[in-house]
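Structure file protein.txt with compact mmCIF, C-alpha atoms and all ligand atoms:
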```
# COMPACT_ATOMS: atom_id res chain seq x y z
CA MET A 1 -5.18 -28.44 7.68
CA SER A 2 -3.83 -30.65 4.96
CA LYS A 3 -0.32 -31.19 3.78
CA ASN A 4 -1.52 -33.20 0.83
CA PRO A 5 -0.89 -31.36 -2.44
CA GLU A 6 -3.78 -33.13 -4.16
CA TYR A 7 -6.14 -31.77 -1.53
CA ARG A 8 -4.73 -28.33 -2.03
CA SER A 9 -5.27 -28.32 -5.74
CA GLN A 10 -8.81 -29.69 -5.36
CA GLU A 11 -9.56 -27.01 -2.84
CA SER A 12 -8.36 -24.35 -5.22
CA GLY A 13 -10.59 -25.80 -7.89
CA VAL A 14 -13.64 -25.40 -5.65
CA ARG A 15 -12.74 -21.80 -4.99
CA SER A 16 -12.47 -21.21 -8.68
CA GLN A 17 -15.96 -22.63 -9.25
CA LYS A 18 -17.39 -20.55 -6.43
CA SER A 19 -16.25 -17.32 -8.03
CA GLY A 20 -18.36 -17.94 -11.13
CA VAL A 21 -17.64 -14.85 -13.18
CA ARG A 22 -13.93 -15.00 -12.57
CA SER A 23 -13.79 -18.67 -13.34
CA GLN A 24 -15.49 -18.22 -16.72
CA GLU A 25 -13.27 -15.29 -17.45
CA SER A 26 -10.19 -17.25 -16.50
CA GLU A 27 -11.34 -20.14 -18.62
CA SER A 28 -11.47 -17.96 -21.69
CA ARG A 29 -8.07 -16.48 -20.82
CA THR A 30 -6.55 -19.91 -20.55
CA SER A 31 -8.27 -21.31 -23.63
CA GLN A 32 -5.05 -20.98 -25.58
CA THR A 33 -3.18 -23.00 -22.98
CA ALA A 34 0.29 -23.44 -24.36
CA THR A 35 0.85 -27.08 -23.54
CA ARG A 36 3.56 -27.67 -26.09
CA ASN A 37 3.62 -31.35 -25.33
CA GLN A 38 0.15 -32.84 -25.35
CA ASN A 39 1.00 -35.37 -22.65
CA ILE A 40 1.87 -32.59 -20.27
CA ASP A 41 -0.62 -30.49 -18.38
CA THR A 42 0.97 -27.40 -16.86
CA GLU A 43 -2.29 -25.68 -15.90
CA ILE A 44 -2.53 -24.67 -12.30
CA HIS A 45 -5.51 -23.47 -10.26
CA LEU A 46 -4.81 -21.22 -7.37
CA ALA A 47 -6.67 -18.57 -5.43
CA GLY A 48 -9.63 -18.91 -7.81
CA LEU A 49 -7.42 -18.30 -10.83
CA ALA A 50 -6.59 -20.64 -13.67
CA LEU A 51 -3.00 -20.18 -14.81
CA LYS A 52 -1.91 -21.83 -18.05
CA ASN A 53 1.36 -22.67 -16.34
CA PRO A 54 2.99 -21.97 -12.95
CA VAL A 55 5.56 -19.46 -14.22
CA MET A 56 4.93 -15.92 -13.07
CA VAL A 57 7.11 -12.80 -13.01
CA ALA A 58 7.84 -11.08 -9.70
CA SER A 59 6.72 -7.58 -8.85
CA GLY A 60 9.26 -4.84 -9.43
CA THR A 61 11.44 -6.89 -11.74
CA PHE A 62 9.26 -6.84 -14.86
CA GLY A 63 8.06 -3.23 -14.97
CA TYR A 64 4.42 -3.00 -16.00
CA GLY A 65 4.78 -5.79 -18.57
CA LYS A 66 5.25 -3.60 -21.66
CA GLU A 67 8.95 -3.04 -20.91
CA TYR A 68 9.60 -6.76 -21.50
CA ALA A 69 7.24 -7.32 -24.44
CA GLN A 70 10.08 -7.13 -26.97
CA PHE A 71 12.02 -9.89 -25.20
CA VAL A 72 9.31 -12.28 -24.05
CA ASP A 73 5.99 -13.43 -25.48
CA LEU A 74 3.86 -12.21 -22.57
CA ASN A 75 1.05 -14.57 -23.63
CA GLN A 76 3.16 -17.53 -22.54
CA LEU A 77 3.39 -16.45 -18.92
CA GLY A 78 1.17 -17.92 -16.23
CA ALA A 79 0.72 -14.44 -14.77
CA ILE A 80 2.30 -11.01 -14.85
CA VAL A 81 2.71 -9.33 -11.48
CA VAL A 82 3.26 -5.64 -12.08
CA LYS A 83 5.44 -3.22 -10.16
CA GLY A 84 4.00 -2.29 -6.74
CA ILE A 85 1.39 0.48 -6.99
CA SER A 86 0.87 3.10 -4.28
CA LEU A 87 -1.97 5.57 -3.93
CA HIS A 88 0.21 8.45 -5.11
CA PRO A 89 3.23 8.35 -7.44
CA MET A 90 6.53 7.72 -5.66
CA ASP A 91 9.99 8.83 -6.86
CA GLY A 92 11.81 6.20 -4.86
CA ASN A 93 15.10 6.66 -3.04
CA PRO A 94 18.13 8.68 -4.17
CA PRO A 95 20.99 6.86 -5.95
CA PRO A 96 23.01 4.77 -5.60
CA ARG A 97 20.15 2.35 -5.05
CA LEU A 98 21.45 -0.79 -6.71
CA ALA A 99 24.61 -2.70 -5.76
CA GLU A 100 25.83 -6.02 -7.10
CA THR A 101 27.05 -8.51 -4.51
CA PRO A 102 28.78 -11.84 -5.24
CA ALA A 103 25.57 -13.86 -5.48
CA GLY A 104 22.79 -11.35 -5.50
CA LEU A 105 21.51 -7.85 -6.05
CA LEU A 106 21.08 -5.32 -3.27
CA ASN A 107 18.41 -2.70 -3.98
CA SER A 108 16.85 0.26 -2.27
CA ILE A 109 14.68 1.43 -5.15
CA GLY A 110 12.15 2.64 -2.62
CA LEU A 111 8.99 1.47 -4.37
CA GLN A 112 9.19 4.00 -7.21
CA ASN A 113 5.96 3.82 -9.21
CA VAL A 114 3.45 5.84 -11.22
CA GLY A 115 0.72 5.72 -8.56
CA LEU A 116 -2.85 4.44 -8.84
CA GLU A 117 -4.17 6.95 -11.40
CA GLY A 118 -1.05 6.75 -13.55
CA PHE A 119 -1.25 2.97 -13.54
CA ILE A 120 -4.90 2.87 -14.54
CA SER A 121 -4.60 5.50 -17.26
CA SER A 122 -1.19 4.75 -18.76
CA LYS A 123 -0.16 1.18 -17.90
CA LEU A 124 -3.28 -0.97 -17.63
CA PRO A 125 -4.54 -0.37 -21.24
CA PHE A 126 -1.47 -2.12 -22.70
CA LEU A 127 -2.24 -5.24 -20.65
CA GLU A 128 -5.78 -5.50 -22.09
CA GLY A 129 -4.53 -7.38 -25.12
CA ILE A 130 -2.41 -9.90 -23.23
CA ASP A 131 -3.58 -13.50 -22.84
CA SER A 132 -2.04 -13.93 -19.42
CA LEU A 133 -3.36 -13.15 -15.95
CA VAL A 134 -2.57 -9.72 -14.51
CA ILE A 135 -1.86 -9.40 -10.81
CA VAL A 136 -1.40 -5.96 -9.30
CA ASN A 137 0.97 -5.62 -6.35
CA ILE A 138 -0.31 -2.94 -3.95
CA LEU A 139 1.52 -1.04 -1.25
CA GLY A 140 0.29 1.35 1.38
CA HIS A 141 1.65 3.15 4.39
CA THR A 142 -1.67 2.93 6.22
CA ILE A 143 -4.47 0.39 6.10
CA GLU A 144 -6.70 3.02 4.53
CA GLU A 145 -4.29 3.37 1.60
CA TYR A 146 -4.41 -0.38 0.95
CA VAL A 147 -8.21 -0.26 1.14
CA VAL A 148 -8.52 2.56 -1.40
CA LEU A 149 -6.10 0.83 -3.78
CA ALA A 150 -7.97 -2.47 -3.54
CA ARG A 151 -11.37 -0.85 -3.97
CA GLU A 152 -10.34 1.17 -7.02
CA LEU A 153 -8.39 -1.60 -8.75
CA SER A 154 -11.29 -4.02 -8.25
CA LYS A 155 -13.36 -1.87 -10.63
CA HIS A 156 -11.12 -2.85 -13.55
CA SER A 157 -11.85 -6.14 -15.26
CA ARG A 158 -8.26 -6.46 -16.55
CA VAL A 159 -7.05 -6.82 -12.97
CA ASP A 160 -7.31 -10.53 -12.18
CA ALA A 161 -5.96 -10.53 -8.63
CA LEU A 162 -4.26 -8.35 -6.06
CA GLU A 163 -0.98 -9.06 -4.34
CA ILE A 164 -0.66 -7.21 -1.02
CA ASN A 165 2.92 -6.20 -0.37
CA ILE A 166 3.12 -6.11 3.42
CA SER A 167 6.81 -5.22 3.47
CA CYS A 168 5.93 -1.51 3.52
CA PRO A 169 6.51 0.57 6.64
CA ASN A 170 3.31 1.00 8.66
CA VAL A 171 3.36 4.71 9.48
CA ASP A 172 0.66 4.29 12.12
CA LYS A 173 2.93 1.88 13.95
CA GLY A 174 6.17 3.84 13.78
CA GLY A 175 7.44 2.51 10.45
CA LEU A 176 7.82 -1.18 11.20
CA ALA A 177 6.74 -3.20 8.16
CA PHE A 178 3.15 -4.54 8.31
CA GLY A 179 4.46 -7.99 7.52
CA THR A 180 6.74 -8.28 10.54
CA ASP A 181 3.83 -8.49 12.97
CA ARG A 182 1.01 -11.06 13.14
CA GLN A 183 -1.65 -8.56 14.18
CA SER A 184 -0.84 -5.89 11.59
CA THR A 185 -0.68 -8.59 8.90
CA PHE A 186 -4.13 -9.77 9.97
CA ASP A 187 -5.50 -6.22 10.09
CA VAL A 188 -4.35 -5.19 6.62
CA VAL A 189 -5.40 -8.43 4.93
CA GLN A 190 -8.81 -8.40 6.62
CA ALA A 191 -9.41 -4.76 5.64
CA VAL A 192 -8.53 -5.44 2.00
CA ARG A 193 -10.58 -8.67 1.99
CA GLN A 194 -13.67 -6.69 2.96
CA VAL A 195 -13.51 -4.37 -0.05
CA THR A 196 -12.61 -6.67 -2.92
CA HIS A 197 -14.05 -9.69 -4.70
CA LEU A 198 -10.69 -10.26 -6.40
CA PRO A 199 -8.46 -13.17 -5.41
CA LEU A 200 -6.01 -11.96 -2.79
CA ILE A 201 -2.38 -12.96 -2.53
CA THR A 202 -0.38 -11.75 0.47
CA LYS A 203 3.34 -11.27 -0.19
CA LEU A 204 5.38 -12.18 2.86
CA SER A 205 8.60 -10.67 4.09
CA PRO A 206 11.45 -13.01 5.05
CA ASN A 207 12.67 -10.49 7.63
CA VAL A 208 10.82 -12.17 10.46
CA THR A 209 11.55 -14.87 13.01
CA ASN A 210 8.57 -17.09 12.20
CA ILE A 211 7.25 -16.70 8.66
CA ALA A 212 4.80 -19.59 9.10
CA ALA A 213 3.02 -17.69 11.88
CA ILE A 214 2.68 -14.62 9.65
CA ALA A 215 1.31 -16.82 6.84
CA GLN A 216 -1.26 -18.25 9.25
CA SER A 217 -2.39 -14.74 10.21
CA ALA A 218 -2.84 -13.87 6.54
CA GLN A 219 -4.84 -17.06 6.01
CA GLU A 220 -7.06 -16.36 9.03
CA ALA A 221 -7.71 -12.86 7.69
CA GLY A 222 -8.95 -14.27 4.38
CA THR A 223 -6.08 -14.23 1.91
CA ASP A 224 -6.51 -16.77 -0.90
CA ALA A 225 -2.80 -17.42 -1.31
CA VAL A 226 0.57 -16.27 -0.04
CA SER A 227 3.64 -15.39 -2.06
CA LEU A 228 7.16 -15.50 -0.66
CA ILE A 229 9.80 -14.32 -0.29
CA ASN A 230 10.35 -10.62 -0.68
CA THR A 231 13.94 -9.38 -0.40
CA VAL A 232 16.17 -10.11 2.59
CA LEU A 233 17.61 -7.08 4.41
CA GLY A 234 21.28 -6.64 3.61
CA MET A 235 24.14 -4.17 3.45
CA ALA A 236 27.32 -3.80 1.39
CA ILE A 237 30.29 -1.49 1.92
CA ASP A 238 32.76 0.05 -0.52
CA ILE A 239 35.94 -0.46 1.51
CA HIS A 240 38.02 2.00 -0.55
CA GLN A 241 35.66 4.88 0.06
CA ARG A 242 34.62 3.43 3.43
CA LYS A 243 31.02 4.16 2.42
CA PRO A 244 27.91 2.02 2.28
CA ALA A 245 27.24 0.89 -1.29
CA LEU A 246 23.65 2.21 -1.13
CA ALA A 247 22.65 5.77 -0.28
CA ARG A 248 20.01 4.32 2.07
CA ILE A 249 22.73 2.17 3.68
CA VAL A 250 20.51 -0.90 4.02
CA GLY A 251 18.67 -2.54 1.12
CA GLY A 252 16.89 -5.70 0.01
CA LEU A 253 18.95 -8.64 -1.21
CA SER A 254 17.59 -10.77 -4.05
CA GLY A 255 18.97 -13.37 -6.45
CA PRO A 256 20.77 -16.70 -5.98
CA ALA A 257 22.10 -15.80 -2.52
CA ILE A 258 18.60 -15.94 -1.02
CA LYS A 259 17.33 -19.11 -2.71
CA PRO A 260 18.01 -21.57 0.13
CA ILE A 261 16.32 -19.18 2.58
CA ALA A 262 13.33 -18.90 0.27
CA VAL A 263 13.04 -22.66 -0.30
CA ARG A 264 13.22 -23.25 3.45
CA MET A 265 10.49 -20.67 4.07
CA VAL A 266 8.22 -22.05 1.34
CA TRP A 267 8.53 -25.50 2.86
CA GLN A 268 7.85 -24.22 6.39
CA VAL A 269 4.81 -22.23 5.25
CA SER A 270 3.51 -25.24 3.29
CA GLN A 271 3.47 -27.19 6.56
CA ALA A 272 1.50 -24.46 8.31
CA VAL A 273 -1.26 -23.31 5.93
CA ASP A 274 -3.81 -24.83 3.53
CA ILE A 275 -3.80 -22.06 0.96
CA PRO A 276 -1.59 -22.16 -2.14
CA ILE A 277 1.91 -20.70 -2.13
CA ILE A 278 3.68 -18.77 -4.86
CA GLY A 279 7.41 -19.29 -4.35
CA MET A 280 10.23 -16.98 -5.34
CA GLY A 281 13.70 -15.89 -4.36
CA GLY A 282 16.75 -16.50 -6.52
CA ILE A 283 15.14 -18.58 -9.26
CA MET A 284 17.58 -18.43 -12.18
CA ASN A 285 16.64 -21.60 -14.08
CA ALA A 286 14.18 -24.50 -14.23
CA GLU A 287 16.06 -26.56 -11.62
CA ASP A 288 15.66 -23.72 -9.13
CA ALA A 289 11.97 -23.42 -9.95
CA ILE A 290 11.40 -27.16 -9.49
CA GLU A 291 12.96 -26.97 -6.02
CA PHE A 292 10.25 -24.50 -5.05
CA LEU A 293 7.48 -26.67 -6.52
CA LEU A 294 8.78 -29.71 -4.63
CA ALA A 295 8.98 -27.64 -1.45
CA GLY A 296 5.24 -26.98 -1.78
CA ALA A 297 4.80 -23.94 -4.03
CA SER A 298 1.92 -24.19 -6.51
CA ALA A 299 3.49 -21.54 -8.74
CA ILE A 300 6.78 -19.70 -8.93
CA SER A 301 7.92 -16.18 -9.77
CA ILE A 302 11.03 -15.07 -11.61
CA GLY A 303 12.59 -11.85 -10.31
CA THR A 304 16.23 -10.74 -10.43
CA ALA A 305 16.97 -13.28 -13.18
CA HIS A 306 15.26 -10.87 -15.63
CA PHE A 307 18.18 -8.48 -15.24
CA VAL A 308 20.56 -11.21 -16.42
CA ASP A 309 18.38 -12.80 -19.08
CA PRO A 310 14.90 -11.41 -19.84
CA GLU A 311 13.92 -14.71 -21.47
CA THR A 312 14.33 -16.63 -18.20
CA PRO A 313 10.57 -17.26 -17.66
CA ILE A 314 10.21 -18.99 -21.04
CA LYS A 315 13.37 -21.05 -20.47
CA VAL A 316 12.14 -22.02 -17.01
CA LEU A 317 8.80 -23.16 -18.41
CA LYS A 318 10.55 -25.27 -21.06
CA GLY A 319 12.82 -26.79 -18.41
CA ILE A 320 9.88 -27.67 -16.17
CA GLU A 321 8.21 -29.42 -19.10
CA GLU A 322 11.39 -31.37 -19.82
CA TYR A 323 11.61 -32.41 -16.18
CA MET A 324 8.00 -33.60 -16.28
CA MET A 325 8.71 -35.67 -19.39
CA LYS A 326 11.90 -37.12 -17.93
CA TYR A 327 10.21 -38.24 -14.71
CA GLN A 328 6.86 -39.00 -16.35
CA PHE A 329 4.72 -36.49 -14.51
CA HIS A 330 1.66 -35.72 -16.60
CA LYS A 331 0.22 -32.97 -14.46
CA ILE A 332 2.21 -30.19 -12.89
CA THR A 333 0.16 -30.67 -9.71
CA GLU A 334 1.86 -34.07 -9.27
CA ILE A 335 5.11 -32.28 -8.49
CA ILE A 336 3.82 -29.80 -5.94
CA GLY A 337 5.00 -30.76 -2.46
CA ASN A 338 6.08 -34.16 -3.82
CA LEU A 339 9.14 -34.32 -1.64
CA ASN A 340 10.75 -37.49 -0.38
CA ILE A 341 11.70 -36.81 3.20
CA PRO A 342 13.67 -39.70 4.68
CA LYS A 343 12.19 -41.04 7.91
CA THR A 344 14.57 -40.64 10.82
C1 LIG B 401 14.58 -4.02 -8.18
C2 LIG B 401 13.52 -4.77 -7.40
C3 LIG B 401 12.28 -4.16 -7.18
C4 LIG B 401 11.30 -4.84 -6.45
N1 LIG B 401 10.06 -4.25 -6.27
C5 LIG B 401 9.08 -4.92 -5.59
C6 LIG B 401 7.78 -4.36 -5.44
O1 LIG B 401 7.47 -3.27 -5.94
N2 LIG B 401 6.85 -5.07 -4.73
C7 LIG B 401 7.15 -6.31 -4.19
O2 LIG B 401 6.28 -6.91 -3.55
N3 LIG B 401 8.37 -6.87 -4.36
C8 LIG B 401 9.33 -6.22 -5.04
N4 LIG B 401 10.56 -6.80 -5.22
C9 LIG B 401 10.82 -8.15 -4.69
C10 LIG B 401 10.67 -9.22 -5.78
O3 LIG B 401 9.36 -9.24 -6.30
C11 LIG B 401 11.03 -10.63 -5.23
O4 LIG B 401 10.15 -10.92 -4.18
C12 LIG B 401 12.45 -10.70 -4.71
O5 LIG B 401 13.35 -9.96 -5.53
C13 LIG B 401 12.96 -12.15 -4.60
O6 LIG B 401 12.98 -12.79 -5.85
P1 LIG B 401 14.30 -12.84 -6.79
O7 LIG B 401 15.45 -13.26 -5.91
O8 LIG B 401 13.98 -13.83 -7.85
O9 LIG B 401 14.49 -11.46 -7.33
C14 LIG B 401 11.56 -6.13 -5.94
C15 LIG B 401 12.81 -6.73 -6.18
C16 LIG B 401 13.79 -6.06 -6.90
C17 LIG B 401 15.12 -6.74 -7.15
```
What's the structure tokens form of this structure?
Ligand SMILES: Cc1cc2nc3c(=O)[nH]c(=O)nc-3n(C[C@H](O)[C@H](O)[C@H](O)COP(=O)(O)O)c2cc1C
Amino acid sequence: MSKNPEYRSQESGVRSQKSGVRSQESESRTSQTATRNQNIDTEIHLAGLALKNPVMVASGTFGYGKEYAQFVDLNQLGAIVVKGISLHPMDGNPPPRLAETPAGLLNSIGLQNVGLEGFISSKLPFLEGIDSLVIVNILGHTIEEYVVLARELSKHSRVDALEINISCPNVDKGGLAFGTDRQSTFDVVQAVRQVTHLPLITKLSPNVTNIAAIAQSAQEAGTDAVSLINTVLGMAIDIHQRKPALARIVGGLSGPAIKPIAVRMVWQVSQAVDIPIIGMGGIMNAEDAIEFLLAGASAISIGTAHFVDPETPIKVLKGIEEYMMKYQFHKITEIIGNLNIPKT
């Protein structure tokens, strides 16, 4: 186990070389690396992937990519993580399923999506022309569903990696989310690992007592990276109607309110695993993103901020570059985990 960020990035480099085909493919996809300032190298290697920069977009907040193409040059993103895909199309939950709270968004969308076939036939073709990595977030209610999704998506060369959303209710275990239990986390990651050559990212839920232990289980089961955090369980009430704000009563909180929780969890996980971390949760600007990098994340994802300003990812990337220039960091990897912790 190493807490040294240099080691981590070297390790990722080795993984990238090992997966020969993917590495060549990634190389060509990153050939147009948009380092606007020549003294600055924002390229990041993680989970066998080469990202031109560490700025990604979080699943469920960026549609399937196309929806944001008119606002953002998709080619400038490190990676696009698409809306979670289930085996069959899902309508999601009844409205109201979004509620604004003072510092965040409460949602109970209920994983609405077009399903595996719909994604492959109607959403994936658009992404073919994009010079950015494509990561597909998968969700299942049984291990078998995750396995089928992983196996089928692995047949498509435009899919660069899979992100396993383990916040879904495990129907075989009475509905408790896979990601709230070490053993079920291990079981689902191991099962998916066995059927795919693609880099695997496991997306962790913050609704647990010890997120580092869950991250370790995912690592032991063969995930190449972890991403965190998903939304934090919350509830809001309309006091005039004396009704819960959401039809489902409880929902997932995202946005600025959860950022300190997310930064804390990224730091704790960075102390517990050797695999790279993708950090997210309330990133609204470059300063927020840099906090995550310093806490130990190798890349970051923008989520709820898209609903306020769709251009946030590009602004965050620019701000990270400015920070690097100001503090004379030449490589983005020099920032990762570069935290001064006073000795007590
Ligand atoms: C409307 C909405 C839909 C989401 N859908 C998914 C999803 O399909 N799969 C997933 O893993 N996470 C999903 N998330 C969680 C986000 O990807 C992200 O982890 C979370 O919102 C924290 O980041 P943020 O505070 O920057 O939004 C969703 C979040 C929101 C707000």
Task: Residue nearest Val148 (chain A) - candidates A:Ala191, A:Val171, A:Ile109, A:Ala177, atoms counted: all atoms listed in the file - done: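 Of A:Ala191, A:Val171, A:Ile109, A:Ala177, the one nearest Val148 (chain A) is A:Ala191, counting all atoms listed in the file.
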Counting all atoms listed in the file, what is within 12 Å of Glu152 (chain A), bar same-chain residues fewer than 5 positions away, as a JSON list (two decimals) with C-alpha atoms, keeping the file's coordinate frame?
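Full text of selection06.json as output:
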```json
[["chain", "number", "residue", "atom", "x", "y", "z"],
["A", 85, "ILE", "CA", 1.39, 0.48, -6.99],
["A", 86, "SER", "CA", 0.87, 3.10, -4.28],
["A", 87, "LEU", "CA", -1.97, 5.57, -3.93],
["A", 116, "LEU", "CA", -2.85, 4.44, -8.84],
["A", 117, "GLU", "CA", -4.17, 6.95, -11.40],
["A", 119, "PHE", "CA", -1.25, 2.97, -13.54],
["A", 120, "ILE", "CA", -4.90, 2.87, -14.54],
["A", 136, "VAL", "CA", -1.40, -5.96, -9.30],
["A", 138, "ILE", "CA", -0.31, -2.94, -3.95],
["A", 145, "GLU", "CA", -4.29, 3.37, 1.60],
["A", 146, "TYR", "CA", -4.41, -0.38, 0.95],
["A", 147, "VAL", "CA", -8.21, -0.26, 1.14],
["A", 157, "SER", "CA", -11.85, -6.14, -15.26],
["A", 159, "VAL", "CA", -7.05, -6.82, -12.97],
["A", 162, "LEU", "CA", -4.26, -8.35, -6.06],
["A", 192, "VAL", "CA", -8.53, -5.44, 2.00],
["A", 195, "VAL", "CA", -13.51, -4.37, -0.05],
["A", 196, "THR", "CA", -12.61, -6.67, -2.92],
["A", 197, "HIS", "CA", -14.05, -9.69, -4.70],
["A", 198, "LEU", "CA", -10.69, -10.26, -6.40]]
```
Residues within 8 Å of ligand LIG 401 (chain B), counting all atoms listed in the file: report them as a CSV table (one decimal) with C-alpha atoms, in the frame of the given file.
```
chain,number,residue,atom,x,y,z
A,57,VAL,CA,7.1,-12.8,-13.0
A,58,ALA,CA,7.8,-11.1,-9.7
A,59,SER,CA,6.7,-7.6,-8.8
A,60,GLY,CA,9.3,-4.8,-9.4
A,61,THR,CA,11.4,-6.9,-11.7
A,82,VAL,CA,3.3,-5.6,-12.1
A,83,LYS,CA,5.4,-3.2,-10.2
A,84,GLY,CA,4.0,-2.3,-6.7
A,85,ILE,CA,1.4,0.5,-7.0
A,98,LEU,CA,21.4,-0.8,-6.7
A,104,GLY,CA,22.8,-11.4,-5.5
A,105,LEU,CA,21.5,-7.8,-6.0
A,106,LEU,CA,21.1,-5.3,-3.3
A,107,ASN,CA,18.4,-2.7,-4.0
A,108,SER,CA,16.8,0.3,-2.3
A,109,ILE,CA,14.7,1.4,-5.2
A,111,LEU,CA,9.0,1.5,-4.4
A,112,GLN,CA,9.2,4.0,-7.2
A,113,ASN,CA,6.0,3.8,-9.2
A,137,ASN,CA,1.0,-5.6,-6.4
A,138,ILE,CA,-0.3,-2.9,-4.0
A,139,LEU,CA,1.5,-1.0,-1.2
A,163,GLU,CA,-1.0,-9.1,-4.3
A,164,ILE,CA,-0.7,-7.2,-1.0
A,165,ASN,CA,2.9,-6.2,-0.4
A,166,ILE,CA,3.1,-6.1,3.4
A,167,SER,CA,6.8,-5.2,3.5
A,203,LYS,CA,3.3,-11.3,-0.2
A,228,LEU,CA,7.2,-15.5,-0.7
A,229,ILE,CA,9.8,-14.3,-0.3
A,230,ASN,CA,10.4,-10.6,-0.7
A,231,THR,CA,13.9,-9.4,-0.4
A,252,GLY,CA,16.9,-5.7,0.0
A,253,LEU,CA,19.0,-8.6,-1.2
A,254,SER,CA,17.6,-10.8,-4.0
A,255,GLY,CA,19.0,-13.4,-6.4
A,256,PRO,CA,20.8,-16.7,-6.0
A,257,ALA,CA,22.1,-15.8,-2.5
A,258,ILE,CA,18.6,-15.9,-1.0
A,259,LYS,CA,17.3,-19.1,-2.7
A,280,MET,CA,10.2,-17.0,-5.3
A,281,GLY,CA,13.7,-15.9,-4.4
A,282,GLY,CA,16.8,-16.5,-6.5
A,283,ILE,CA,15.1,-18.6,-9.3
A,284,MET,CA,17.6,-18.4,-12.2
A,301,SER,CA,7.9,-16.2,-9.8
A,302,ILE,CA,11.0,-15.1,-11.6
A,303,GLY,CA,12.6,-11.8,-10.3
A,304,THR,CA,16.2,-10.7,-10.4
A,305,ALA,CA,17.0,-13.3,-13.2
```
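Atom pair CA of Pro199 (chain A) / CA of Glu287 (chain A): separated by 28.6 Å.
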Task: Exercise: residues within 10 Å of coordinate (-9.4, -14.3, -0.4), counting all atoms listed in the file, as a PyMOL selection string - done: chain A and resi 15+47-48+161-162+189-190+192-194+196-202+218-225+275
- [ ] Pick out the closest residue to Gly319 (chain A) from this set: A:Asp160, A:Asp288, A:Glu334, A:Glu128. Count all atoms listed in the file.
- [x]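 Ranked by minimum distance to Gly319 (chain A), first place goes to A:Asp288.
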Task: Nearest-residue call for Gly115 (chain A), choices A:Leu149, A:Ala286, A:Ala103, A:Ala212, using only C-alpha atoms - done: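 Among the listed residues, the smallest separation from Gly115 (chain A) belongs to A:Leu149.
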TODO: May I ask which of the residues A:Val134, A:Gly174, A:Val81, A:Thr142 is the closest one to Phe62 (chain A), counting all atoms listed in the file?
DONE: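 Using all atoms listed in the file, the shortest distance to Phe62 (chain A) belongs to A:Val81.
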- [ ] Mind giving me the straight-line distance from CA of Arg97 (chain A) to CA of Asn207 (chain A) in Å, one decimal?
- [x] 19.5 Å
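Put simply, CA of Lys326 (chain A) is 26.1 Å away from CA of Lys343 (chain A).
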Open item on the list: Just checking: using all atoms listed in the file, which residue out of A:Leu317, A:Leu294, A:Ala213, A:Ala99 ends up closest to Asp238 (chain A)?
Closed with: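 The answer is A:Ala99, which sits nearest to Asp238 (chain A).
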Can you pull out every residue within 7 Å of Ala215 (chain A), counting all atoms listed in the file, but drop anything in the same chain fewer than 4 positions away, and send it as a PDB file with C-alpha atoms, keeping the file's coordinate frame?
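Output below, filename out-v7.pdb:
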```pdb
ATOM      1  CA  ILE A 211       7.250 -16.700   8.660  1.00  0.00           C
ATOM      2  CA  GLN A 219      -4.840 -17.060   6.010  1.00  0.00           C
ATOM      3  CA  VAL A 226       0.570 -16.270  -0.040  1.00  0.00           C
ATOM      4  CA  VAL A 269       4.810 -22.230   5.250  1.00  0.00           C
TER       5      VAL A 269
END
```
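Closest approach to Ser122 (chain A) among A:Lys66, A:Arg242, A:His330, A:Arg264 is made by A:Lys66 (distances from all atoms listed in the file).
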Open item on the list: Report as a list of chain:residue names all protein, DNA and RNA residues lying within 12 Å of Gly129 (chain A), evaluated on all atoms listed in the file, omitting residues in the same chain fewer than 5 positions from it.
Closed with: A:Arg29, A:Gly65, A:Lys66, A:Ala69, A:Leu74, A:Asn75, A:Leu124, A:Val134, A:Arg158
Can those selected residues be exported to a file as a PDB file, keeping the file's coordinate frame so that it contains C-alpha atoms?
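The resulting file, out_9.pdb, is reproduced below:
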```pdb
ATOM      1  CA  ARG A  29      -8.070 -16.480 -20.820  1.00  0.00           C
ATOM      2  CA  GLY A  65       4.780  -5.790 -18.570  1.00  0.00           C
ATOM      3  CA  LYS A  66       5.250  -3.600 -21.660  1.00  0.00           C
ATOM      4  CA  ALA A  69       7.240  -7.320 -24.440  1.00  0.00           C
ATOM      5  CA  LEU A  74       3.860 -12.210 -22.570  1.00  0.00           C
ATOM      6  CA  ASN A  75       1.050 -14.570 -23.630  1.00  0.00           C
ATOM      7  CA  LEU A 124      -3.280  -0.970 -17.630  1.00  0.00           C
ATOM      8  CA  VAL A 134      -2.570  -9.720 -14.510  1.00  0.00           C
ATOM      9  CA  ARG A 158      -8.260  -6.460 -16.550  1.00  0.00           C
TER      10      ARG A 158
END
```
TODO: Please determine the residues with any atom at most 6 Å from (3.8, -27.8, -1.6) (coordinates as given in the file, with only C-alpha atoms counting) and report them as a list in words.
DONE: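 These residues have at least one counted atom within 6 Å: Pro5, Ser270, Ala295, Gly296, Ala297, Ile336 and Gly337 of chain A.
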